>>> print(open('entry09.cif').read())   # mmCIF, C-alpha atoms
data_target
loop_
_atom_site.label_atom_id
_atom_site.label_comp_id
_atom_site.auth_asym_id
_atom_site.auth_seq_id
_atom_site.Cartn_x
_atom_site.Cartn_y
_atom_site.Cartn_z
CA ALA A 7 43.30 106.85 65.01
CA GLY A 8 46.39 106.28 67.14
CA GLY A 9 48.67 109.00 68.41
CA GLY A 10 46.36 110.51 71.03
CA ARG A 11 46.40 113.99 69.53
CA SER A 12 44.67 116.95 71.12
CA SER A 13 46.03 119.68 68.83
CA LYS A 14 44.69 120.56 65.39
CA LEU A 15 45.76 118.41 62.46
CA PHE A 16 46.45 120.61 59.44
CA CYS A 17 47.89 118.24 56.87
CA GLY A 18 48.57 114.63 55.98
CA GLN A 19 49.55 112.36 53.12
CA PHE A 20 49.43 108.66 52.27
CA SER A 21 52.54 106.90 51.02
CA VAL A 22 52.51 106.14 47.29
CA ASP A 23 51.49 102.53 47.93
CA GLY A 24 48.86 103.53 50.51
CA THR A 25 50.37 101.47 53.33
CA TYR A 26 51.38 104.40 55.55
CA PHE A 27 49.91 107.79 56.43
CA VAL A 28 51.88 110.81 57.64
CA SER A 29 50.20 113.60 59.61
CA ALA A 30 51.37 116.91 61.03
CA SER A 31 49.80 119.09 63.67
CA GLN A 32 49.99 122.42 65.43
CA GLU A 33 51.55 120.63 68.43
CA PRO A 34 54.05 120.47 66.50
CA ARG A 35 54.66 116.80 65.77
CA ILE A 36 55.10 114.53 62.75
CA SER A 37 53.53 111.07 63.03
CA VAL A 38 53.62 108.01 60.79
CA PHE A 39 50.72 105.53 60.90
CA ASP A 40 50.55 101.95 59.63
CA VAL A 41 47.27 101.76 57.68
CA ALA A 42 47.01 97.95 57.63
CA SER A 43 47.20 97.73 61.42
CA GLY A 44 44.30 100.13 61.95
CA PHE A 45 46.36 103.32 61.82
CA ARG A 46 48.78 102.29 64.54
CA CYS A 47 51.35 105.04 65.15
CA THR A 48 54.78 103.63 64.25
CA LYS A 49 56.83 106.81 64.61
CA SER A 50 56.29 110.20 66.20
CA VAL A 51 58.88 112.96 65.93
CA ARG A 52 58.81 116.48 67.32
CA ALA A 53 59.27 119.04 64.55
CA ARG A 54 61.91 121.76 64.67
CA ASN A 55 61.87 125.53 64.11
CA ILE A 56 58.10 125.78 63.86
CA SER A 57 56.38 129.15 63.88
CA TRP A 58 52.68 128.85 64.85
CA SER A 59 52.15 125.47 63.14
CA ILE A 60 53.37 122.96 60.59
CA ILE A 61 51.71 124.17 57.39
CA ASP A 62 52.31 121.29 54.99
CA VAL A 63 53.92 117.86 54.95
CA ALA A 64 55.18 115.64 52.11
CA TYR A 65 56.13 111.94 52.17
CA SER A 66 58.84 110.85 49.71
CA PRO A 67 57.85 108.05 47.29
CA ASN A 68 60.60 105.79 48.70
CA ARG A 69 59.29 106.40 52.26
CA LYS A 70 62.75 107.43 53.48
CA TYR A 71 62.03 111.14 54.01
CA ILE A 72 59.34 113.49 55.22
CA ALA A 73 59.47 117.19 54.37
CA TYR A 74 57.52 119.79 56.31
CA SER A 75 57.10 123.56 56.16
CA SER A 76 56.17 126.40 58.48
CA TRP A 77 56.55 130.18 58.58
CA SER A 78 60.24 129.97 57.80
CA PRO A 79 62.59 130.28 54.79
CA PHE A 80 63.60 126.66 55.46
CA VAL A 81 61.79 123.50 54.48
CA GLN A 82 62.76 120.82 56.99
CA LEU A 83 63.78 117.41 55.65
CA LEU A 84 63.29 114.58 58.12
CA SER A 85 65.05 111.25 57.59
CA VAL A 86 62.79 108.54 59.00
CA GLU A 87 64.63 105.46 57.74
CA ARG A 88 66.79 105.22 60.86
CA ALA A 89 65.65 104.68 64.43
CA ASN A 90 66.81 108.20 65.38
CA ALA A 91 65.19 110.70 63.02
CA THR A 92 67.55 113.32 61.57
CA HIS A 93 66.50 116.83 60.52
CA PHE A 94 68.07 118.74 57.61
CA PRO A 95 67.10 122.41 56.97
CA LEU A 96 66.72 123.27 53.26
CA ASP A 97 67.10 127.01 52.59
CA LEU A 98 64.79 128.28 49.84
CA GLN A 99 66.45 131.72 50.02
CA PRO A 100 63.31 133.82 49.59
CA GLY A 101 63.45 137.55 49.07
CA ARG A 102 61.20 138.50 52.00
CA HIS A 103 61.29 138.12 55.77
CA GLN A 104 57.72 136.91 56.43
CA PHE A 105 57.80 133.75 54.35
CA CYS A 106 55.95 130.46 54.28
CA PRO A 107 55.91 127.55 51.80
CA PHE A 108 52.18 126.75 51.82
CA SER A 109 52.55 123.63 49.67
CA ILE A 110 55.44 121.17 49.20
CA LYS A 111 55.80 118.03 47.07
CA PHE A 112 58.51 115.47 46.32
CA SER A 113 59.42 114.57 42.76
CA SER A 114 58.83 110.95 41.72
CA ASP A 115 62.57 110.18 41.87
CA ASN A 116 62.88 111.58 45.44
CA GLN A 117 65.55 114.05 44.25
CA GLU A 118 63.66 117.36 44.31
CA ILE A 119 61.16 119.25 46.43
CA LEU A 120 58.68 121.60 44.79
CA ALA A 121 57.20 124.43 46.87
CA GLY A 122 54.64 127.19 46.46
CA ALA A 123 54.78 130.13 48.84
CA ASN A 124 53.15 133.31 50.13
CA ASP A 125 55.55 135.47 48.07
CA HIS A 126 53.67 134.39 44.90
CA CYS A 127 56.62 132.21 43.83
CA LEU A 128 57.37 128.60 42.94
CA TYR A 129 60.57 127.00 44.22
CA ILE A 130 62.49 123.82 43.46
CA TYR A 131 65.16 122.50 45.81
CA ASP A 132 67.60 119.88 44.48
CA LEU A 133 68.41 117.45 47.29
CA ALA A 134 71.45 115.94 45.56
CA ARG A 135 73.03 119.34 44.94
CA GLY A 136 71.91 120.74 48.27
CA GLU A 137 70.60 124.01 46.86
CA ARG A 138 67.62 125.84 45.44
CA THR A 139 67.67 125.50 41.66
CA LEU A 140 64.53 127.41 40.66
CA CYS A 141 62.55 130.42 41.84
CA VAL A 142 59.87 131.94 39.61
CA ARG A 143 57.20 134.51 40.40
CA GLY A 144 54.29 132.59 38.97
CA HIS A 145 51.16 134.23 40.39
CA ALA A 146 49.67 137.54 41.52
CA ASP A 147 48.89 136.24 45.03
CA ASP A 148 49.77 133.45 47.47
CA VAL A 149 50.60 130.08 45.89
CA ASN A 150 48.57 127.65 47.98
CA ALA A 151 49.05 124.42 46.04
CA VAL A 152 51.66 122.81 43.79
CA CYS A 153 52.23 119.37 42.30
CA PHE A 154 54.13 117.58 39.57
CA ALA A 155 51.99 116.57 36.59
CA ASP A 156 53.59 113.18 35.95
CA GLN A 157 56.57 110.93 36.67
CA SER A 158 58.94 112.97 34.48
CA SER A 159 58.77 116.03 36.81
CA HIS A 160 59.05 118.34 33.76
CA ILE A 161 55.48 119.67 34.04
CA ILE A 162 54.29 121.53 37.14
CA PHE A 163 50.80 122.59 38.23
CA SER A 164 50.21 125.50 40.63
CA GLY A 165 47.12 127.02 42.23
CA SER A 166 46.83 130.44 43.85
CA ASP A 167 44.72 132.95 45.73
CA ASP A 168 44.61 134.84 42.42
CA THR A 169 41.95 132.19 41.49
CA THR A 170 44.00 130.62 38.68
CA VAL A 171 45.63 127.25 38.08
CA LYS A 172 48.74 127.39 35.90
CA VAL A 173 50.79 124.82 34.03
CA TRP A 174 54.57 125.20 33.77
CA ASP A 175 57.10 123.38 31.62
CA ARG A 176 60.48 123.48 33.38
CA ARG A 177 62.29 123.00 30.09
CA LEU A 178 60.95 126.37 28.92
CA LEU A 179 61.04 128.30 32.21
CA ASN A 180 62.94 131.56 32.43
CA GLU A 181 63.26 132.98 35.94
CA ARG A 182 63.36 136.57 34.68
CA ASN A 183 60.27 136.23 32.49
CA PRO A 184 58.32 133.12 33.50
CA ARG A 185 55.45 132.19 31.22
CA PRO A 186 53.04 129.33 31.86
CA VAL A 187 52.21 126.91 29.06
CA GLY A 188 48.66 126.63 30.38
CA LEU A 189 46.22 128.81 32.32
CA TYR A 190 42.92 127.66 33.80
CA ARG A 191 40.25 130.03 35.07
CA GLY A 192 36.87 129.18 36.54
CA HIS A 193 37.17 129.52 40.29
CA PHE A 194 35.77 132.69 41.83
CA GLU A 195 37.99 132.59 44.93
CA GLY A 196 41.46 131.33 45.79
CA VAL A 197 42.56 127.83 44.84
CA THR A 198 43.43 125.89 47.99
CA CYS A 199 44.40 122.44 46.73
CA ILE A 200 45.30 120.70 43.47
CA ASP A 201 46.18 117.12 42.63
CA SER A 202 47.33 115.43 39.44
CA LYS A 203 46.21 112.19 37.84
CA ASN A 204 49.95 111.74 37.11
CA ASP A 205 49.34 111.38 33.39
CA GLY A 206 50.53 114.88 32.46
CA ARG A 207 47.03 115.91 31.33
CA TYR A 208 44.41 115.87 34.07
CA LEU A 209 44.23 117.52 37.49
CA ILE A 210 41.63 118.37 40.08
CA SER A 211 41.36 121.67 41.95
CA ASN A 212 39.57 122.81 45.10
CA SER A 213 38.76 126.42 45.94
CA LYS A 214 37.60 128.74 48.71
CA ASP A 215 34.45 129.19 46.59
CA GLN A 216 33.48 125.66 47.76
CA SER A 217 33.80 124.13 44.30
CA ILE A 218 35.90 121.31 42.84
CA LYS A 219 36.87 121.41 39.17
#
>>> encode(input="entry09.cif", output="structure tokens")
Amino acid sequence: AGGGRSSKLFCGQFSVDGTYFVSASQEPRISVFDVASGFRCTKSVRARNISWSIIDVAYSPNRKYIAYSSWSPFVQLLSVERANATHFPLDLQPGRHQFCPFSIKFSSDNQEILAGANDHCLYIYDLARGERTLCVRGHADDVNAVCFADQSSHIIFSGSDDTTVKVWDRRLLNERNPRPVGLYRGHFEGVTCIDSKNDGRYLISNSKDQSIK
């Protein structure tokens, strides 16, 4: 594809309508590709405050923003609607120094960013309020994957190196004593990726044990 990359590509995501693809690399650089034109690179922006590599990237449903994470307490929000891309650091305010959001996702209304991190916690950042609104210790090991279950953004899925996938209902979440409303076991090693069917019921998970469930 276009872009002429020589560094490792770690993550990417299609736009909701499938017309664009966003990729991120160890270089570090964020690139947007037009799928219909044979993956022609339409925008390439150098990322900021990257430690080692960009770890994950998320493309907002309205295609106005790209979020990306690295070994940092900040998720970077990149405005790509204008000719000159603008970066906004979003402070997740973690409780440890060595911190990395391994997985980030936009809500369907473009108003929130969900993150799962190496401190075993789930985070939600409210873009309208400009602050972190949720932090729960949801797993016994790194949280490698997170996603919203449906368009409502009330239900959250998370997958971890503790080998479990958990289901959370934000309407019932208590930061001091978080309890999932669902728990799925079956993988023998850490869960690396999850994705939802967006119907609030079904999801798919991938694991270091080389299985998909």
>>> residues_around(input="entry09.cif", residues="Gly101 in chain A", least_positions_apart="3", cutoff="10 Å", atoms="all atoms listed in the file", output="mmCIF file with C-alpha atoms, in the coordinates of the input")
data_model
loop_
_atom_site.group_PDB
_atom_site.id
_atom_site.type_symbol
_atom_site.label_atom_id
_atom_site.label_comp_id
_atom_site.auth_asym_id
_atom_site.auth_seq_id
_atom_site.Cartn_x
_atom_site.Cartn_y
_atom_site.Cartn_z
ATOM 1 C CA PRO A 79 62.590 130.280 54.790
ATOM 2 C CA LEU A 98 64.790 128.280 49.840
ATOM 3 C CA GLN A 104 57.720 136.910 56.430
ATOM 4 C CA PHE A 105 57.800 133.750 54.350
ATOM 5 C CA ASP A 125 55.550 135.470 48.070
#
>>> atom_distance(input="entry09.cif", atom1="CA of Leu140 in chain A", atom2="CA of Val197 in chain A")
22.4 Å
>>> residues_around(input="entry09.cif", residues="Trp77 in chain A", least_positions_apart="3", cutoff="10 Å", atoms="all atoms listed in the file", output="number ranges by chain")
A: 55-61, 80-81, 103-108, 123-124
>>> residues_around(input="entry09.cif", residues="range 164-169 of chain A", least_positions_apart="5", cutoff="10 Å", atoms="all atoms listed in the file", output="count of residues only")
40
>>> closest_residue(input="entry09.cif", among="A:Phe27, A:Glu87, A:Ala42, A:Gly18", to="Tyr74 in chain A", atoms="all atoms listed in the file")
A:Gly18
>>> atom_distance(input="entry09.cif", atom1="CA of Gly24 in chain A", atom2="CA of Asp40 in chain A")
9.4 Å
>>> atom_distance(input="entry09.cif", atom1="CA of Ile210 in chain A", atom2="CA of Ile162 in chain A")
13.4 Å
>>> closest_residue(input="entry09.cif", among="A:Ala91, A:Val51, A:Leu96, A:Leu120", to="Lys70 in chain A", atoms="all atoms listed in the file")
A:Ala91
